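Enquirer: Okay, here's the structure, questions in a sec.
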Amino acid sequence: MSIDGTSESAPVTGERTEDAHEGGFRTDMMISVDRGGPRYGEFIEKVREFMDRARAAFPSEELVDELIDELTVVNAKLAAVEINEWESPSGTRIDLPARGNITLPPYLVDKAGDDGVQARVTFTRFHLGGNNAAHGGFICTAFDDLLGMTSALATGKVTRTAYLTVNYRSITPLNTELTVSTSIVRLEGRKIFVAATMKDGERLCAEADGLFIALNPGQP
Ligand SMILES: CCCCC/C=C\C/C=C\C/C=C\C/C=C\CCCC(=O)SCCNC(=O)CCNC(=O)[C@H](O)C(C)(C)COP(=O)(O)OP(=O)(O)OC[C@H]1O[C@@H](n2cnc3c(N)ncnc32)[C@H](O)[C@@H]1OP(=O)(O)O
């Protein structure tokens, strides 16, 4: 670690050598259920537990020294097997919560069709905003991904968010299974207008409306 707090390690880029995908346009979503093997999901759960525990811990100086050494070893092991975004298990394992992507709050999809998606999301200590409530950015992240999935399933195309409006209606608790329901409001050419709610039982925590645009071939 340098004096300004930046890491001396090279950034993780995961650049691919041959370019099978032109920009954001991929006809093949490259989804998988076996990359990383049968225990990859367990590995992701351990990483999520680590994220929660790191957020919640008040370690001694000695423990910080120890953890740095242990994490240096773990990071070196992961650096040795780095791969591009298209072929990594993370984000493509559709059998795992949030496709095995630790960037996303963990959600389970109960129903996914061309008219909308039903999912259950649970925010944990890692997603803390304050006073035991979820951070609004993570609520947005959950909506963005599930609405992106909704748009993709409705059109069979790769889409990008043009706008996403989130209204926070009541406190969104941690460690509570919340339901997210998304729907297609209307389709207008490449424009996909979508909406979603996030509820704790019957209580509305947050709602969203968004516009996604189906990308043209070659569009990044
Ligand atoms: C268990 C089962 C599971 C099954 C799962 C299976 C498969 C998985 C499926 C899917 C994957 C799942 C999830 C999806 C993953 C991630 C979701 C997150 C997505 C993102 O997080 S993505 C990052 C944030 N996003 C950006 O980084 C976009 C930056 N931006 C741009 O790249 C351009 O801006 C773009 C492309 C948006 C538009 O550009 P463009 O050149 O293509 O089109 P153009 O500008 O012509 O707009 C066309 C028409 O939209 C109107 N329009 C445009 N923008 C508007 C706005 N803001 N407000 C109102 N109207 C708007 C225009 O007014 C025009 O309207 P009109 O045609 O009527 O004139």
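Chain labels follow the order of the structure tokens: the first chain is A, the next B, and so on; residue numbering restarts at 1 in every chain, and ligands are counted from 1 in their shown order.
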Could you tell me, counting only C-alpha atoms and all ligand atoms, which protein and nucleic acid residues lie no more than 9 Å from ligand 1, written as a PyMOL selection string?
Expert: chain A and resi 29-31+91-92+94-96+98-99+108-113+117+141+143-153+156-164+188-192+210-216+219-220
Enquirer: Name all residues at most 10 Å from Ser170 in chain A (count only C-alpha atoms; drop same-chain ones fewer than 4 positions away) and give them as a VMD selection string.
Expert: chain A and resid 133 199 to 200 203 to 206
Enquirer: Taking the chain letters and numbering used in this document, name the residues of range 31-133 of chain A that DSSP puts in helix (DSSP H, G or I), as a PyMOL selection string.
Expert: chain A and resi 40-56+61-79+97-100+125-127
Enquirer: Write a file of the just-selected residues containing N, CA and C atoms, as a compact mmCIF listing (two decimals), in the first residue's frame.
Expert:
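Contents of the output file part15.txt:
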# COMPACT_ATOMS: atom_id res chain seq x y z
N TYR A 40 -19.10 -23.39 -6.52
CA TYR A 40 -18.85 -21.96 -6.77
C TYR A 40 -19.83 -21.08 -5.98
N GLY A 41 -21.08 -21.52 -5.88
CA GLY A 41 -22.09 -20.75 -5.13
C GLY A 41 -21.71 -20.62 -3.66
N GLU A 42 -21.15 -21.71 -3.12
CA GLU A 42 -20.70 -21.70 -1.72
C GLU A 42 -19.56 -20.70 -1.53
N PHE A 43 -18.66 -20.67 -2.54
CA PHE A 43 -17.55 -19.71 -2.53
C PHE A 43 -18.10 -18.28 -2.49
N ILE A 44 -19.09 -18.00 -3.34
CA ILE A 44 -19.68 -16.66 -3.38
C ILE A 44 -20.33 -16.31 -2.04
N GLU A 45 -21.00 -17.31 -1.43
CA GLU A 45 -21.61 -17.05 -0.12
C GLU A 45 -20.54 -16.71 0.93
N LYS A 46 -19.39 -17.38 0.85
CA LYS A 46 -18.29 -17.07 1.79
C LYS A 46 -17.78 -15.65 1.56
N VAL A 47 -17.70 -15.24 0.28
CA VAL A 47 -17.24 -13.88 -0.03
C VAL A 47 -18.26 -12.87 0.51
N ARG A 48 -19.55 -13.18 0.33
CA ARG A 48 -20.58 -12.27 0.86
C ARG A 48 -20.51 -12.19 2.38
N GLU A 49 -20.27 -13.33 3.02
CA GLU A 49 -20.14 -13.33 4.49
C GLU A 49 -18.94 -12.48 4.89
N PHE A 50 -17.85 -12.61 4.12
CA PHE A 50 -16.66 -11.81 4.39
C PHE A 50 -16.98 -10.31 4.29
N MET A 51 -17.73 -9.94 3.24
CA MET A 51 -18.09 -8.53 3.05
C MET A 51 -18.92 -8.02 4.24
N ASP A 52 -19.86 -8.84 4.68
CA ASP A 52 -20.67 -8.46 5.85
C ASP A 52 -19.80 -8.33 7.10
N ARG A 53 -18.91 -9.33 7.29
CA ARG A 53 -18.11 -9.34 8.52
C ARG A 53 -17.08 -8.21 8.51
N ALA A 54 -16.53 -7.91 7.32
CA ALA A 54 -15.56 -6.80 7.23
C ALA A 54 -16.26 -5.49 7.57
N ARG A 55 -17.49 -5.36 7.11
CA ARG A 55 -18.26 -4.13 7.38
C ARG A 55 -18.59 -4.00 8.86
N ALA A 56 -18.78 -5.15 9.53
CA ALA A 56 -19.25 -5.10 10.92
C ALA A 56 -18.11 -5.15 11.95
N GLU A 61 -5.26 -4.04 16.05
CA GLU A 61 -4.16 -3.79 15.09
C GLU A 61 -3.50 -5.09 14.70
N GLU A 62 -3.35 -5.99 15.68
CA GLU A 62 -2.71 -7.29 15.40
C GLU A 62 -3.55 -8.08 14.42
N LEU A 63 -4.85 -8.06 14.61
CA LEU A 63 -5.72 -8.82 13.70
C LEU A 63 -5.69 -8.21 12.29
N VAL A 64 -5.62 -6.88 12.20
CA VAL A 64 -5.53 -6.24 10.88
C VAL A 64 -4.26 -6.72 10.17
N ASP A 65 -3.13 -6.78 10.90
CA ASP A 65 -1.87 -7.27 10.30
C ASP A 65 -2.07 -8.69 9.75
N GLU A 66 -2.69 -9.53 10.57
CA GLU A 66 -2.91 -10.93 10.20
C GLU A 66 -3.82 -11.03 8.96
N LEU A 67 -4.87 -10.24 8.98
CA LEU A 67 -5.84 -10.30 7.86
C LEU A 67 -5.19 -9.83 6.55
N ILE A 68 -4.36 -8.79 6.64
CA ILE A 68 -3.67 -8.31 5.42
C ILE A 68 -2.84 -9.44 4.82
N ASP A 69 -2.11 -10.16 5.67
CA ASP A 69 -1.27 -11.26 5.17
C ASP A 69 -2.13 -12.35 4.54
N GLU A 70 -3.22 -12.70 5.21
CA GLU A 70 -4.07 -13.78 4.68
C GLU A 70 -4.75 -13.36 3.39
N LEU A 71 -5.20 -12.11 3.34
CA LEU A 71 -5.89 -11.64 2.12
C LEU A 71 -4.91 -11.49 0.96
N THR A 72 -3.67 -11.16 1.26
CA THR A 72 -2.66 -11.07 0.20
C THR A 72 -2.51 -12.43 -0.49
N VAL A 73 -2.53 -13.49 0.31
CA VAL A 73 -2.43 -14.85 -0.25
C VAL A 73 -3.67 -15.16 -1.09
N VAL A 74 -4.84 -14.87 -0.55
CA VAL A 74 -6.10 -15.15 -1.27
C VAL A 74 -6.16 -14.35 -2.57
N ASN A 75 -5.80 -13.06 -2.51
CA ASN A 75 -5.86 -12.22 -3.72
C ASN A 75 -4.90 -12.72 -4.79
N ALA A 76 -3.74 -13.21 -4.37
CA ALA A 76 -2.77 -13.73 -5.36
C ALA A 76 -3.35 -14.96 -6.05
N LYS A 77 -4.05 -15.80 -5.31
CA LYS A 77 -4.67 -17.00 -5.90
C LYS A 77 -5.73 -16.58 -6.92
N LEU A 78 -6.52 -15.57 -6.59
CA LEU A 78 -7.58 -15.12 -7.51
C LEU A 78 -6.97 -14.40 -8.72
N ALA A 79 -5.91 -13.63 -8.49
CA ALA A 79 -5.26 -12.91 -9.61
C ALA A 79 -4.74 -13.89 -10.65
N PRO A 97 -27.99 -17.11 -6.65
CA PRO A 97 -28.56 -15.80 -6.32
C PRO A 97 -27.83 -14.69 -7.06
N ALA A 98 -28.60 -13.76 -7.66
CA ALA A 98 -28.04 -12.62 -8.40
C ALA A 98 -26.96 -13.06 -9.39
N ARG A 99 -27.18 -14.19 -10.03
CA ARG A 99 -26.26 -14.75 -11.03
C ARG A 99 -24.81 -14.88 -10.52
N GLY A 100 -24.67 -15.06 -9.20
CA GLY A 100 -23.32 -15.23 -8.63
C GLY A 100 -22.50 -13.96 -8.67
N ARG A 125 -25.65 -6.71 6.24
CA ARG A 125 -24.83 -5.66 6.85
C ARG A 125 -23.98 -4.91 5.82
N PHE A 126 -23.50 -5.62 4.81
CA PHE A 126 -22.70 -4.98 3.75
C PHE A 126 -23.47 -3.85 3.07
N HIS A 127 -24.80 -3.99 3.00
CA HIS A 127 -25.64 -3.02 2.28
C HIS A 127 -26.19 -1.92 3.19
Enquirer: In Å, how far is it from CA of Tyr168 in chain A to CA of Thr122 in chain A?
Expert: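 Here the two named atoms are 16.5 Å from each other.
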Enquirer: Write down as a short mmCIF file (atom, residue, chain, number, x, y, z; two decimals) with N, CA and C atoms, in the first residue's frame the residues belonging to range 13-210 of chain A that are assigned strand (DSSP E or B) by DSSP computed on the backbone.
Expert:
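The result, written out as states17.cif:
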data_model
loop_
_atom_site.label_atom_id
_atom_site.label_comp_id
_atom_site.auth_asym_id
_atom_site.auth_seq_id
_atom_site.Cartn_x
_atom_site.Cartn_y
_atom_site.Cartn_z
N GLU A 22 -19.13 -7.52 -30.11
CA GLU A 22 -18.92 -6.17 -30.59
C GLU A 22 -19.69 -5.23 -29.67
N PHE A 25 -23.43 -5.46 -27.82
CA PHE A 25 -24.35 -6.34 -28.53
C PHE A 25 -23.87 -7.78 -28.51
N SER A 32 -24.54 -19.63 -17.83
CA SER A 32 -24.01 -20.95 -17.53
C SER A 32 -24.57 -21.42 -16.19
N ARG A 93 -23.78 -17.11 -13.88
CA ARG A 93 -24.31 -18.35 -13.29
C ARG A 93 -25.77 -18.13 -12.90
N TYR A 107 -30.36 -11.77 -4.76
CA TYR A 107 -31.80 -11.97 -4.97
C TYR A 107 -32.03 -13.34 -5.59
N LEU A 108 -33.22 -13.85 -5.34
CA LEU A 108 -33.65 -15.12 -5.93
C LEU A 108 -34.81 -14.82 -6.85
N VAL A 109 -34.76 -15.33 -8.07
CA VAL A 109 -35.84 -15.08 -9.03
C VAL A 109 -36.87 -16.20 -8.89
N ASP A 110 -38.13 -15.83 -8.61
CA ASP A 110 -39.20 -16.82 -8.50
C ASP A 110 -39.92 -17.00 -9.81
N LYS A 111 -40.01 -15.93 -10.60
CA LYS A 111 -40.75 -15.98 -11.86
C LYS A 111 -40.11 -14.99 -12.81
N ALA A 112 -39.84 -15.43 -14.02
CA ALA A 112 -39.24 -14.51 -15.00
C ALA A 112 -39.90 -14.77 -16.34
N GLY A 113 -40.66 -13.79 -16.82
CA GLY A 113 -41.35 -13.97 -18.10
C GLY A 113 -41.23 -12.71 -18.93
N GLY A 116 -42.70 -9.61 -16.97
CA GLY A 116 -42.14 -9.12 -15.71
C GLY A 116 -41.44 -10.20 -14.92
N VAL A 117 -40.86 -9.76 -13.81
CA VAL A 117 -40.05 -10.66 -12.98
C VAL A 117 -40.52 -10.51 -11.53
N GLN A 118 -40.54 -11.65 -10.82
CA GLN A 118 -40.81 -11.64 -9.37
C GLN A 118 -39.56 -12.18 -8.70
N ALA A 119 -39.07 -11.45 -7.71
CA ALA A 119 -37.85 -11.89 -7.04
C ALA A 119 -37.91 -11.57 -5.56
N ARG A 120 -37.02 -12.23 -4.80
CA ARG A 120 -36.86 -11.94 -3.37
C ARG A 120 -35.44 -11.47 -3.14
N VAL A 121 -35.30 -10.31 -2.50
CA VAL A 121 -33.97 -9.77 -2.25
C VAL A 121 -33.79 -9.57 -0.74
N THR A 122 -32.58 -9.84 -0.26
CA THR A 122 -32.28 -9.64 1.16
C THR A 122 -31.02 -8.78 1.27
N LEU A 128 -25.64 -1.84 4.42
CA LEU A 128 -26.15 -0.88 5.40
C LEU A 128 -26.00 0.57 4.93
N GLY A 129 -27.10 1.32 5.02
CA GLY A 129 -27.04 2.76 4.82
C GLY A 129 -26.83 3.41 6.18
N GLY A 130 -27.81 3.25 7.06
CA GLY A 130 -27.69 3.77 8.41
C GLY A 130 -28.88 3.34 9.24
N ALA A 133 -31.02 0.36 8.23
CA ALA A 133 -31.77 0.42 6.96
C ALA A 133 -30.80 0.27 5.78
N ALA A 134 -31.31 -0.28 4.68
CA ALA A 134 -30.48 -0.48 3.49
C ALA A 134 -30.09 0.86 2.86
N THR A 159 -30.04 -4.61 -23.39
CA THR A 159 -30.58 -3.26 -23.18
C THR A 159 -29.68 -2.48 -22.21
N ARG A 160 -29.83 -1.16 -22.27
CA ARG A 160 -29.15 -0.34 -21.27
C ARG A 160 -30.15 0.63 -20.66
N THR A 161 -29.86 0.97 -19.40
CA THR A 161 -30.72 1.90 -18.68
C THR A 161 -30.53 3.31 -19.24
N ALA A 162 -31.62 3.95 -19.68
CA ALA A 162 -31.55 5.36 -20.08
C ALA A 162 -31.85 6.23 -18.86
N TYR A 163 -32.91 5.89 -18.11
CA TYR A 163 -33.13 6.54 -16.82
C TYR A 163 -33.78 5.56 -15.86
N LEU A 164 -33.56 5.84 -14.60
CA LEU A 164 -34.16 5.01 -13.54
C LEU A 164 -34.52 5.95 -12.39
N THR A 165 -35.80 6.06 -12.11
CA THR A 165 -36.25 6.92 -11.00
C THR A 165 -36.69 6.02 -9.86
N VAL A 166 -36.13 6.28 -8.68
CA VAL A 166 -36.49 5.49 -7.50
C VAL A 166 -37.11 6.40 -6.46
N ASN A 167 -38.24 6.00 -5.95
CA ASN A 167 -38.87 6.70 -4.82
C ASN A 167 -38.80 5.80 -3.60
N TYR A 168 -38.23 6.36 -2.54
CA TYR A 168 -38.08 5.61 -1.29
C TYR A 168 -39.28 5.96 -0.42
N PRO A 173 -35.60 -2.56 5.42
CA PRO A 173 -34.81 -3.19 6.48
C PRO A 173 -33.73 -4.14 5.96
N GLU A 177 -36.33 -10.73 4.08
CA GLU A 177 -36.60 -11.07 2.68
C GLU A 177 -37.69 -10.14 2.13
N LEU A 178 -37.34 -9.38 1.10
CA LEU A 178 -38.25 -8.41 0.50
C LEU A 178 -38.66 -8.92 -0.88
N THR A 179 -39.86 -8.55 -1.31
CA THR A 179 -40.28 -9.00 -2.64
C THR A 179 -40.16 -7.85 -3.63
N VAL A 180 -39.64 -8.18 -4.80
CA VAL A 180 -39.54 -7.20 -5.89
C VAL A 180 -40.39 -7.72 -7.05
N SER A 181 -41.28 -6.86 -7.53
CA SER A 181 -42.10 -7.21 -8.70
C SER A 181 -41.85 -6.17 -9.78
N THR A 182 -41.54 -6.64 -10.97
CA THR A 182 -41.30 -5.71 -12.07
C THR A 182 -42.34 -5.95 -13.15
N SER A 183 -42.58 -4.93 -13.95
CA SER A 183 -43.53 -5.09 -15.05
C SER A 183 -43.13 -4.20 -16.23
N ILE A 184 -43.63 -4.62 -17.38
CA ILE A 184 -43.45 -3.80 -18.59
C ILE A 184 -44.62 -2.82 -18.63
N VAL A 185 -44.31 -1.55 -18.71
CA VAL A 185 -45.36 -0.53 -18.81
C VAL A 185 -45.79 -0.40 -20.28
N ARG A 186 -44.82 -0.23 -21.16
CA ARG A 186 -45.11 -0.25 -22.60
C ARG A 186 -43.82 -0.38 -23.40
N LEU A 187 -43.97 -0.88 -24.61
CA LEU A 187 -42.85 -1.01 -25.55
C LEU A 187 -43.11 -0.04 -26.70
N GLU A 188 -42.08 0.74 -27.04
CA GLU A 188 -42.20 1.70 -28.15
C GLU A 188 -40.94 1.61 -28.98
N LYS A 191 -37.59 1.42 -27.24
CA LYS A 191 -37.79 1.93 -25.86
C LYS A 191 -38.65 0.97 -25.04
N ILE A 192 -38.15 0.63 -23.87
CA ILE A 192 -38.87 -0.28 -22.99
C ILE A 192 -39.12 0.47 -21.68
N PHE A 193 -40.38 0.82 -21.44
CA PHE A 193 -40.75 1.51 -20.20
C PHE A 193 -41.13 0.45 -19.17
N VAL A 194 -40.50 0.55 -18.00
CA VAL A 194 -40.68 -0.50 -16.99
C VAL A 194 -40.99 0.12 -15.63
N ALA A 195 -41.52 -0.70 -14.73
CA ALA A 195 -41.82 -0.24 -13.37
C ALA A 195 -41.56 -1.38 -12.39
N ALA A 196 -41.36 -1.02 -11.12
CA ALA A 196 -41.11 -2.06 -10.12
C ALA A 196 -41.49 -1.57 -8.73
N THR A 197 -41.78 -2.53 -7.87
CA THR A 197 -41.98 -2.22 -6.44
C THR A 197 -41.09 -3.14 -5.61
N MET A 198 -40.74 -2.66 -4.42
CA MET A 198 -40.03 -3.49 -3.43
C MET A 198 -40.83 -3.41 -2.14
N LYS A 199 -41.22 -4.58 -1.62
CA LYS A 199 -42.11 -4.59 -0.45
C LYS A 199 -41.56 -5.47 0.66
N ASP A 200 -41.86 -5.05 1.90
CA ASP A 200 -41.63 -5.88 3.08
C ASP A 200 -43.02 -6.35 3.51
N ARG A 203 -46.00 -3.87 3.06
CA ARG A 203 -45.51 -2.48 3.16
C ARG A 203 -44.61 -2.13 1.97
N LEU A 204 -44.94 -1.03 1.31
CA LEU A 204 -44.13 -0.57 0.18
C LEU A 204 -42.88 0.14 0.70
N CYS A 205 -41.70 -0.42 0.37
CA CYS A 205 -40.44 0.21 0.79
C CYS A 205 -39.96 1.20 -0.28
N ALA A 206 -40.00 0.77 -1.53
CA ALA A 206 -39.50 1.62 -2.62
C ALA A 206 -40.18 1.22 -3.91
N GLU A 207 -40.23 2.18 -4.84
CA GLU A 207 -40.77 1.86 -6.17
C GLU A 207 -39.93 2.56 -7.22
N ALA A 208 -39.96 2.02 -8.42
CA ALA A 208 -39.09 2.56 -9.47
C ALA A 208 -39.82 2.59 -10.80
N ASP A 209 -39.45 3.57 -11.62
CA ASP A 209 -39.84 3.47 -13.02
C ASP A 209 -38.64 3.83 -13.87
N GLY A 210 -38.56 3.18 -15.00
CA GLY A 210 -37.35 3.35 -15.80
C GLY A 210 -37.60 3.21 -17.28
#
